[in-house]
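Source file: protein-v8.cif. Holds: mmCIF, C-alpha atoms and all ligand atoms.
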data_entry
#
loop_
_atom_site.label_atom_id
_atom_site.label_comp_id
_atom_site.auth_asym_id
_atom_site.auth_seq_id
_atom_site.Cartn_x
_atom_site.Cartn_y
_atom_site.Cartn_z
CA MET K 1 187.32 -10.94 -41.89
CA ARG K 2 188.86 -12.07 -38.60
CA VAL K 3 189.59 -15.80 -38.67
CA VAL K 4 189.95 -17.65 -35.36
CA ILE K 5 191.06 -21.28 -35.38
CA CYS K 6 190.33 -23.22 -32.17
CA ASP K 7 191.85 -26.59 -31.26
CA THR K 8 188.52 -28.32 -30.68
CA VAL K 9 184.83 -28.16 -31.55
CA ASP K 10 183.95 -27.42 -27.91
CA GLN K 11 186.40 -24.52 -27.68
CA ALA K 12 185.11 -23.00 -30.92
CA THR K 13 181.50 -23.36 -29.80
CA ALA K 14 182.17 -21.88 -26.35
CA ARG K 15 183.99 -18.92 -27.93
CA VAL K 16 181.02 -18.02 -30.14
CA ALA K 17 178.53 -18.54 -27.30
CA ASP K 18 180.65 -16.15 -25.28
CA VAL K 19 180.55 -13.49 -28.02
CA ILE K 20 176.73 -13.64 -27.93
CA ALA K 21 176.54 -13.67 -24.11
CA GLN K 22 178.87 -10.67 -23.91
CA GLN K 23 176.82 -8.77 -26.50
CA VAL K 24 173.62 -9.33 -24.47
CA ALA K 25 175.35 -8.52 -21.16
CA LYS K 26 176.74 -5.27 -22.60
CA VAL K 27 173.64 -4.21 -24.54
CA PRO K 28 170.54 -5.82 -22.95
CA HIS K 29 168.31 -4.51 -25.77
CA SER K 30 170.43 -6.09 -28.48
CA VAL K 31 168.90 -7.24 -31.75
CA LEU K 32 170.32 -10.69 -32.44
CA GLY K 33 170.24 -12.61 -35.70
CA LEU K 34 169.99 -16.34 -34.97
CA ALA K 35 170.72 -19.50 -36.93
CA THR K 36 169.64 -23.14 -36.85
CA GLY K 37 171.32 -26.45 -37.71
CA GLY K 38 173.20 -29.15 -35.81
CA THR K 39 176.19 -26.83 -35.19
CA MET K 40 174.09 -24.47 -33.12
CA GLU K 41 172.55 -26.99 -30.72
CA PRO K 42 175.56 -27.15 -28.31
CA LEU K 43 175.96 -23.37 -28.66
CA TYR K 44 172.37 -22.83 -27.51
CA ASP K 45 173.07 -25.24 -24.61
CA ASP K 46 175.88 -22.87 -23.59
CA LEU K 47 173.55 -19.85 -23.80
CA ARG K 48 170.98 -21.67 -21.67
CA LYS K 49 173.72 -22.20 -19.06
CA SER K 50 174.60 -18.49 -19.22
CA HIS K 51 170.94 -17.73 -18.53
CA VAL K 52 170.89 -20.09 -15.53
CA ALA K 53 174.03 -18.28 -14.32
CA GLY K 54 172.13 -14.97 -14.42
CA LEU K 55 172.20 -13.59 -17.99
CA SER K 56 168.83 -12.08 -18.94
CA PHE K 57 167.51 -12.08 -22.50
CA ALA K 58 164.35 -10.15 -21.51
CA GLY K 59 165.29 -7.09 -23.57
CA VAL K 60 166.53 -8.97 -26.64
CA THR K 61 164.86 -8.98 -30.05
CA ALA K 62 165.71 -11.97 -32.24
CA PHE K 63 165.48 -12.51 -36.00
CA ASN K 64 166.04 -15.98 -37.41
CA LEU K 65 167.68 -16.48 -40.77
CA ASP K 66 165.18 -18.75 -42.44
CA GLU K 67 162.17 -21.07 -42.41
CA TYR K 68 161.00 -23.95 -44.61
CA VAL K 69 158.16 -23.11 -47.01
CA GLY K 70 155.05 -25.17 -46.26
CA LEU K 71 155.77 -25.91 -42.60
CA PRO K 72 153.53 -24.21 -40.04
CA ALA K 73 155.31 -22.77 -36.97
CA ASP K 74 154.15 -25.69 -34.80
CA HIS K 75 155.45 -28.38 -37.20
CA PRO K 76 158.08 -30.54 -35.43
CA GLN K 77 160.69 -29.77 -38.13
CA SER K 78 160.00 -26.06 -38.50
CA TYR K 79 162.76 -23.71 -37.44
CA ALA K 80 160.21 -22.00 -35.18
CA THR K 81 159.92 -25.28 -33.26
CA TYR K 82 163.72 -25.74 -33.34
CA MET K 83 164.24 -22.32 -31.73
CA ARG K 84 161.69 -22.92 -28.99
CA LYS K 85 163.11 -26.38 -28.27
CA HIS K 86 166.78 -25.40 -28.18
CA LEU K 87 166.63 -21.86 -26.82
CA PHE K 88 163.50 -19.76 -26.47
CA ASP K 89 161.58 -22.06 -24.09
CA HIS K 90 164.56 -22.12 -21.71
CA ILE K 91 165.41 -18.42 -21.41
CA ASP K 92 163.46 -15.29 -20.45
CA ILE K 93 163.22 -13.85 -23.98
CA ASP K 94 159.84 -12.29 -24.90
CA LEU K 95 158.35 -14.50 -27.66
CA GLU K 96 156.64 -11.39 -29.05
CA HIS K 97 160.14 -10.16 -29.88
CA CYS K 98 161.24 -13.35 -31.65
CA PHE K 99 160.81 -13.13 -35.41
CA ILE K 100 161.05 -16.02 -37.87
CA PRO K 101 159.86 -15.82 -41.49
CA SER K 102 156.48 -17.42 -42.03
CA GLY K 103 156.65 -20.67 -44.00
CA MET K 104 152.91 -20.47 -44.71
CA GLY K 105 150.94 -18.27 -47.09
CA ASP K 106 152.33 -16.32 -50.02
CA PRO K 107 156.18 -16.44 -49.90
CA ILE K 108 156.44 -13.02 -51.58
CA VAL K 109 154.27 -11.44 -48.88
CA ALA K 110 156.11 -13.35 -46.12
CA SER K 111 159.47 -12.13 -47.46
CA ARG K 112 158.40 -8.49 -47.73
CA THR K 113 156.86 -8.62 -44.27
CA TYR K 114 160.11 -9.99 -42.85
CA GLU K 115 162.25 -7.25 -44.43
CA ALA K 116 159.79 -4.65 -43.05
CA GLN K 117 160.05 -6.18 -39.56
CA ILE K 118 163.86 -6.08 -39.71
CA ALA K 119 163.70 -2.45 -40.89
CA GLU K 120 161.36 -1.59 -38.03
CA HIS K 121 163.25 -3.30 -35.18
CA GLY K 122 166.77 -3.48 -36.61
CA PRO K 123 169.49 -3.07 -37.55
CA ILE K 124 170.70 -6.43 -36.31
CA ASP K 125 173.54 -5.84 -33.84
CA LEU K 126 175.02 -9.33 -34.01
CA GLN K 127 174.17 -11.98 -36.60
CA LEU K 128 175.07 -15.59 -35.85
CA LEU K 129 175.73 -17.80 -38.89
CA GLY K 130 176.47 -21.43 -39.62
CA LEU K 131 177.87 -22.61 -42.95
CA GLY K 132 176.44 -25.11 -45.41
CA LYS K 133 178.79 -27.73 -46.89
CA ASN K 134 178.17 -26.02 -50.23
CA GLY K 135 179.06 -22.58 -48.85
CA HIS K 136 175.51 -21.41 -48.19
CA ILE K 137 174.60 -18.97 -45.41
CA GLY K 138 170.98 -19.03 -44.29
CA PHE K 139 169.52 -20.82 -47.29
CA ASN K 140 171.34 -18.67 -49.83
CA GLU K 141 172.44 -21.49 -52.07
CA PRO K 142 175.29 -21.22 -54.60
CA GLY K 143 174.19 -18.88 -57.39
CA SER K 144 172.37 -16.53 -54.99
CA SER K 145 172.74 -12.85 -55.76
CA LEU K 146 175.17 -11.17 -53.39
CA ALA K 147 172.73 -8.22 -53.26
CA SER K 148 169.72 -10.39 -52.35
CA LEU K 149 167.08 -9.55 -49.74
CA THR K 150 164.69 -11.96 -47.98
CA ARG K 151 163.00 -14.21 -50.53
CA GLU K 152 162.07 -17.80 -51.33
CA LYS K 153 165.00 -19.99 -52.42
CA VAL K 154 164.77 -23.46 -53.91
CA LEU K 155 166.95 -25.83 -51.87
CA SER K 156 169.91 -27.42 -53.64
CA GLN K 157 170.34 -31.18 -53.82
CA ASP K 158 173.32 -30.82 -51.42
CA THR K 159 171.12 -29.14 -48.83
CA LEU K 160 168.23 -31.58 -49.29
CA THR K 161 170.69 -34.43 -48.67
CA ALA K 162 172.37 -32.73 -45.69
CA ASN K 163 169.10 -31.83 -43.92
CA ARG K 164 167.20 -35.04 -44.74
CA ARG K 165 168.48 -36.45 -41.42
CA PHE K 166 166.16 -34.12 -39.47
CA PHE K 167 163.03 -35.53 -41.16
CA ALA K 168 161.35 -38.92 -40.68
CA ASP K 169 161.81 -41.49 -43.47
CA ASP K 170 158.17 -41.26 -44.58
CA GLU K 171 158.07 -37.46 -44.35
CA THR K 172 158.28 -35.23 -47.43
CA MET K 173 160.95 -32.59 -47.00
CA PRO K 174 160.19 -29.03 -48.12
CA SER K 175 161.91 -28.13 -51.37
CA SER K 176 162.24 -24.40 -50.68
CA ALA K 177 162.67 -21.94 -47.85
CA ILE K 178 162.26 -18.26 -47.06
CA THR K 179 165.69 -16.92 -46.21
CA MET K 180 167.23 -13.58 -45.35
CA GLY K 181 169.20 -12.51 -48.38
CA ILE K 182 172.97 -12.06 -48.49
CA GLN K 183 172.51 -8.28 -48.41
CA THR K 184 170.08 -8.59 -45.49
CA ILE K 185 172.73 -10.57 -43.59
CA CYS K 186 175.49 -8.12 -44.52
CA ASN K 187 173.41 -5.20 -43.22
CA SER K 188 174.06 -6.54 -39.69
CA LYS K 189 176.52 -4.49 -37.67
CA LYS K 190 178.53 -7.52 -36.57
CA ILE K 191 178.60 -11.10 -37.82
CA VAL K 192 180.00 -14.23 -36.19
CA LEU K 193 180.09 -17.47 -38.17
CA LEU K 194 180.74 -20.89 -36.64
CA ALA K 195 181.80 -23.80 -38.86
CA LEU K 196 182.91 -27.14 -37.44
CA GLY K 197 184.35 -30.42 -38.66
CA GLN K 198 185.97 -31.88 -41.71
CA ALA K 199 182.75 -31.77 -43.73
CA LYS K 200 182.94 -27.95 -43.76
CA ALA K 201 186.65 -27.64 -44.61
CA LYS K 202 186.16 -27.08 -48.35
CA ALA K 203 183.47 -24.43 -47.84
CA VAL K 204 185.59 -22.74 -45.12
CA GLN K 205 188.54 -22.47 -47.51
CA ALA K 206 186.35 -21.05 -50.30
CA MET K 207 184.66 -18.59 -47.93
CA ILE K 208 187.91 -17.20 -46.52
CA GLU K 209 190.46 -17.55 -49.30
CA GLY K 210 188.43 -17.94 -52.48
CA PRO K 211 187.20 -15.16 -54.73
CA VAL K 212 184.08 -13.24 -53.67
CA SER K 213 181.57 -15.08 -55.79
CA ALA K 214 178.03 -16.40 -55.91
CA PHE K 215 179.61 -19.85 -56.27
CA CYS K 216 180.29 -19.60 -52.53
CA PRO K 217 177.66 -17.29 -51.00
CA ALA K 218 179.58 -17.09 -47.69
CA SER K 219 182.51 -15.45 -49.53
CA ALA K 220 180.39 -12.24 -49.55
CA LEU K 221 181.36 -11.92 -45.87
CA GLN K 222 184.88 -10.94 -47.02
CA MET K 223 183.31 -7.57 -47.89
CA HIS K 224 181.71 -7.09 -44.46
CA ALA K 225 183.59 -4.77 -42.12
CA ASN K 226 183.02 -6.65 -38.85
CA THR K 227 182.88 -10.40 -39.40
CA THR K 228 184.56 -13.04 -37.25
CA VAL K 229 184.77 -16.62 -38.47
CA VAL K 230 185.40 -19.24 -35.77
CA VAL K 231 186.40 -22.76 -36.83
CA ASP K 232 187.89 -25.86 -35.22
CA ALA K 233 191.11 -27.49 -36.44
CA GLU K 234 189.31 -29.92 -38.76
CA ALA K 235 187.25 -27.23 -40.47
CA ALA K 236 190.48 -25.22 -40.89
CA ALA K 237 192.41 -28.12 -42.42
CA LEU K 238 192.30 -26.89 -46.04
CA LEU K 239 193.25 -23.26 -45.36
CA GLU K 240 196.25 -22.34 -47.43
CA TYR K 241 197.29 -19.38 -45.29
CA SER K 242 196.64 -21.00 -41.92
CA ASP K 243 199.64 -19.20 -40.38
CA HIS K 244 198.05 -15.84 -41.16
CA TYR K 245 195.08 -16.42 -38.86
CA ILE K 246 194.53 -16.35 -35.11
CA HIS K 247 195.13 -19.74 -33.48
CA ALA K 248 193.29 -19.10 -30.22
CA GLU K 249 194.66 -21.77 -27.91
CA ARG K 250 198.16 -21.71 -29.43
CA LEU K 251 198.28 -17.97 -28.71
CA GLN K 252 197.05 -18.56 -25.18
CA ARG K 253 199.71 -21.22 -24.53
CA ARG K 254 202.44 -18.92 -25.86
CA ARG K 255 201.23 -16.11 -23.59
CA GLU K 256 201.35 -18.41 -20.58
CA GLN K 257 204.93 -19.57 -21.26
C1 LIG W 1 171.09 -25.22 -42.67
C2 LIG W 1 170.69 -23.77 -42.33
C3 LIG W 1 171.92 -22.91 -42.17
C4 LIG W 1 172.95 -23.71 -41.41
C5 LIG W 1 173.50 -24.80 -42.29
C6 LIG W 1 174.45 -25.77 -41.60
O1 LIG W 1 170.42 -25.78 -43.69
N1 LIG W 1 169.78 -23.13 -43.22
O2 LIG W 1 171.59 -21.70 -41.51
O3 LIG W 1 174.02 -22.89 -41.03
O4 LIG W 1 172.45 -25.45 -42.97
O5 LIG W 1 173.82 -26.69 -40.80
P1 LIG W 1 174.55 -27.71 -39.83
O6 LIG W 1 175.00 -26.90 -38.66
O7 LIG W 1 173.50 -28.72 -39.45
O8 LIG W 1 175.69 -28.29 -40.57
#

Can you turn what I pasted into structure tokens?
Amino acid sequence: MRVVICDTVDQATARVADVIAQQVAKVPHSVLGLATGGTMEPLYDDLRKSHVAGLSFAGVTAFNLDEYVGLPADHPQSYATYMRKHLFDHIDIDLEHCFIPSGMGDPIVASRTYEAQIAEHGPIDLQLLGLGKNGHIGFNEPGSSLASLTREKVLSQDTLTANRRFFADDETMPSSAITMGIQTICNSKKIVLLALGQAKAKAVQAMIEGPVSAFCPASALQMHANTTVVVDAEAAALLEYSDHYIHAERLQRRREQ
């Protein structure tokens, strides 16, 4: 696990956006794994700017991590809508090549179908991840099997509370989601995880320095051969071995001296 600590949220976000842009520039037919959440909105803004500056996504295939059970793709709070709003509608990606698990119908069938689609078009070259405050990746909540594949997961109280802000007051929030499993995620060739702000500091410490354990699903990434974790100073605040990691801007300043 390569740990990169940036001074600010903007620098961390730009760094991860750049990893994705470089992947697409180098391999135009890349298979990308994409994530949702508040953290990713400015990152997708950066990718939209890269597209305006000339980067084409026409050859890219995209797989999203997860979708709420019970929300149709055109629901305002579905992750399908999120992806169109923040990225897909603004770049030249072929929507036929954008896969998101179906939140409707039988979750077992939807999960199997999704694994089959990944097997057909994958492997995923670069998987983008955020981090839940409770250490989840995708919607693999604490207690998830580290060998899990795509399946329905019941959302934890932590996650229901954290994501409530995206739903209207009178709206019922889904209580489960279809999510790529931890093994599905770890089958990706490369992984880049972005975690920002003080609220993520505890989960960041557990993910990087804690034991590999279902208590913190993101800790499974310690066993992945090509994972980069990018955090800002606040998210890095509880790291015990902070000196052992790459401090991006500090390194840059030293090089310039
Ligand atoms: C969500 C998503 C995750 C995301 C995480 C953090 O519920 N399922 O993929 O990484 O929670 O979200 P945020 O960036 O809003 O903190």

Kindly provide the residues of chain K that approach ligand LIG 1 (chain W) to within 7 Å, each paired with its closest atom pair and their distance in Å to one decimal, based on only C-alpha atoms and all ligand atoms, listed by chain and increasing number, as CSV.
residue,atom,partner,partner_atom,distance
K:Ala35,CA,W:LIG1,O2,5.2
K:Thr36,CA,W:LIG1,O2,5.3
K:Gly37,CA,W:LIG1,O7,3.6
K:Gly38,CA,W:LIG1,O7,3.7
K:Thr39,CA,W:LIG1,O6,3.7
K:Met40,CA,W:LIG1,O6,6.1
K:Leu65,CA,W:LIG1,O2,6.6
K:Asp66,CA,W:LIG1,N1,6.4
K:Leu129,CA,W:LIG1,O3,5.8
K:Gly130,CA,W:LIG1,O3,3.2
K:Leu131,CA,W:LIG1,O3,4.3
K:Gly132,CA,W:LIG1,C5,4.3
K:Ile137,CA,W:LIG1,O2,5.6
K:Gly138,CA,W:LIG1,O2,3.9
K:Phe139,CA,W:LIG1,N1,4.7
K:Thr159,CA,W:LIG1,O1,6.2
K:Asn163,CA,W:LIG1,O1,6.2

Saved selection, atoms kept: C-alpha atoms, as a CSV table (one decimal), keeping the file's coordinate frame:
chain,number,residue,atom,x,y,z
K,35,ALA,CA,170.7,-19.5,-36.9
K,36,THR,CA,169.6,-23.1,-36.8
K,37,GLY,CA,171.3,-26.4,-37.7
K,38,GLY,CA,173.2,-29.2,-35.8
K,39,THR,CA,176.2,-26.8,-35.2
K,40,MET,CA,174.1,-24.5,-33.1
K,65,LEU,CA,167.7,-16.5,-40.8
K,66,ASP,CA,165.2,-18.8,-42.4
K,129,LEU,CA,175.7,-17.8,-38.9
K,130,GLY,CA,176.5,-21.4,-39.6
K,131,LEU,CA,177.9,-22.6,-43.0
K,132,GLY,CA,176.4,-25.1,-45.4
K,137,ILE,CA,174.6,-19.0,-45.4
K,138,GLY,CA,171.0,-19.0,-44.3
K,139,PHE,CA,169.5,-20.8,-47.3
K,159,THR,CA,171.1,-29.1,-48.8
K,163,ASN,CA,169.1,-31.8,-43.9

Give me, as CSV, the closest atom pair and its distance (Å, one decimal) for every residue of region 3-79 of chain K within a cut-off of 12 Å of region 235-242 of chain K, counting only C-alpha atoms, rows sorted by chain and rising number.
residue,atom,partner,partner_atom,distance
K:Val3,CA,K:Ser242,CA,9.3
K:Val4,CA,K:Ala236,CA,9.4
K:Ile5,CA,K:Ala236,CA,6.8
K:Cys6,CA,K:Ala236,CA,8.9
K:Asp7,CA,K:Ala236,CA,9.8
K:Thr8,CA,K:Ala235,CA,9.9
K:Val9,CA,K:Ala235,CA,9.3
K:Ala12,CA,K:Ala235,CA,10.7

Problem set entry | Of the listed residues K:Asp170, K:Asp92, K:Asp74, K:Asp45, that which approaches Phe57 (chain K) most closely, counting all atoms listed in the file |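 Checking each of K:Asp170, K:Asp92, K:Asp74, K:Asp45 against Phe57 (chain K), counting all atoms listed in the file, the winner is K:Asp92.
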
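Here CA of Pro107 (chain K) and CA of Ile124 (chain K) stand 22.3 Å from one another.
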
For this session: Find the distance between CA of Gly59 (chain K) and CA of Arg112 (chain K) and write it in Å to one decimal.
Result: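 The value is 25.2 Å.
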
Output requested as a PDB file, in the frame of the given file - region 66-79 of chain K, filled out with N, CA and C atoms.
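As a result, selection12.pdb now contains:
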ATOM      1  N   ASP K  66     165.947 -18.083 -41.385  1.00  0.00           N
ATOM      2  CA  ASP K  66     165.180 -18.750 -42.440  1.00  0.00           C
ATOM      3  C   ASP K  66     164.095 -19.674 -41.870  1.00  0.00           C
ATOM      4  N   GLU K  67     163.221 -20.108 -42.764  1.00  0.00           N
ATOM      5  CA  GLU K  67     162.170 -21.070 -42.410  1.00  0.00           C
ATOM      6  C   GLU K  67     161.776 -21.851 -43.658  1.00  0.00           C
ATOM      7  N   TYR K  68     161.447 -23.123 -43.482  1.00  0.00           N
ATOM      8  CA  TYR K  68     161.000 -23.950 -44.610  1.00  0.00           C
ATOM      9  C   TYR K  68     159.633 -23.498 -45.102  1.00  0.00           C
ATOM     10  N   VAL K  69     159.468 -23.435 -46.414  1.00  0.00           N
ATOM     11  CA  VAL K  69     158.160 -23.110 -47.010  1.00  0.00           C
ATOM     12  C   VAL K  69     157.254 -24.341 -46.876  1.00  0.00           C
ATOM     13  N   GLY K  70     156.047 -24.100 -46.379  1.00  0.00           N
ATOM     14  CA  GLY K  70     155.050 -25.170 -46.260  1.00  0.00           C
ATOM     15  C   GLY K  70     154.953 -25.754 -44.861  1.00  0.00           C
ATOM     16  N   LEU K  71     155.875 -25.388 -43.972  1.00  0.00           N
ATOM     17  CA  LEU K  71     155.770 -25.910 -42.600  1.00  0.00           C
ATOM     18  C   LEU K  71     155.184 -24.839 -41.680  1.00  0.00           C
ATOM     19  N   PRO K  72     154.063 -25.156 -41.012  1.00  0.00           N
ATOM     20  CA  PRO K  72     153.530 -24.210 -40.040  1.00  0.00           C
ATOM     21  C   PRO K  72     154.481 -24.117 -38.832  1.00  0.00           C
ATOM     22  N   ALA K  73     154.380 -23.011 -38.084  1.00  0.00           N
ATOM     23  CA  ALA K  73     155.310 -22.770 -36.970  1.00  0.00           C
ATOM     24  C   ALA K  73     155.330 -23.926 -35.968  1.00  0.00           C
ATOM     25  N   ASP K  74     154.184 -24.622 -35.803  1.00  0.00           N
ATOM     26  CA  ASP K  74     154.150 -25.690 -34.800  1.00  0.00           C
ATOM     27  C   ASP K  74     154.533 -27.065 -35.374  1.00  0.00           C
ATOM     28  N   HIS K  75     154.988 -27.103 -36.630  1.00  0.00           N
ATOM     29  CA  HIS K  75     155.450 -28.380 -37.200  1.00  0.00           C
ATOM     30  C   HIS K  75     156.738 -28.805 -36.479  1.00  0.00           C
ATOM     31  N   PRO K  76     156.885 -30.108 -36.177  1.00  0.00           N
ATOM     32  CA  PRO K  76     158.080 -30.540 -35.430  1.00  0.00           C
ATOM     33  C   PRO K  76     159.406 -30.180 -36.104  1.00  0.00           C
ATOM     34  N   GLN K  77     159.422 -30.075 -37.441  1.00  0.00           N
ATOM     35  CA  GLN K  77     160.690 -29.770 -38.130  1.00  0.00           C
ATOM     36  C   GLN K  77     160.827 -28.309 -38.532  1.00  0.00           C
ATOM     37  N   SER K  78     159.864 -27.471 -38.128  1.00  0.00           N
ATOM     38  CA  SER K  78     160.000 -26.060 -38.500  1.00  0.00           C
ATOM     39  C   SER K  78     161.134 -25.448 -37.680  1.00  0.00           C
ATOM     40  N   TYR K  79     161.713 -24.394 -38.199  1.00  0.00           N
ATOM     41  CA  TYR K  79     162.760 -23.710 -37.440  1.00  0.00           C
ATOM     42  C   TYR K  79     162.169 -22.947 -36.249  1.00  0.00           C
TER      43      TYR K  79
END
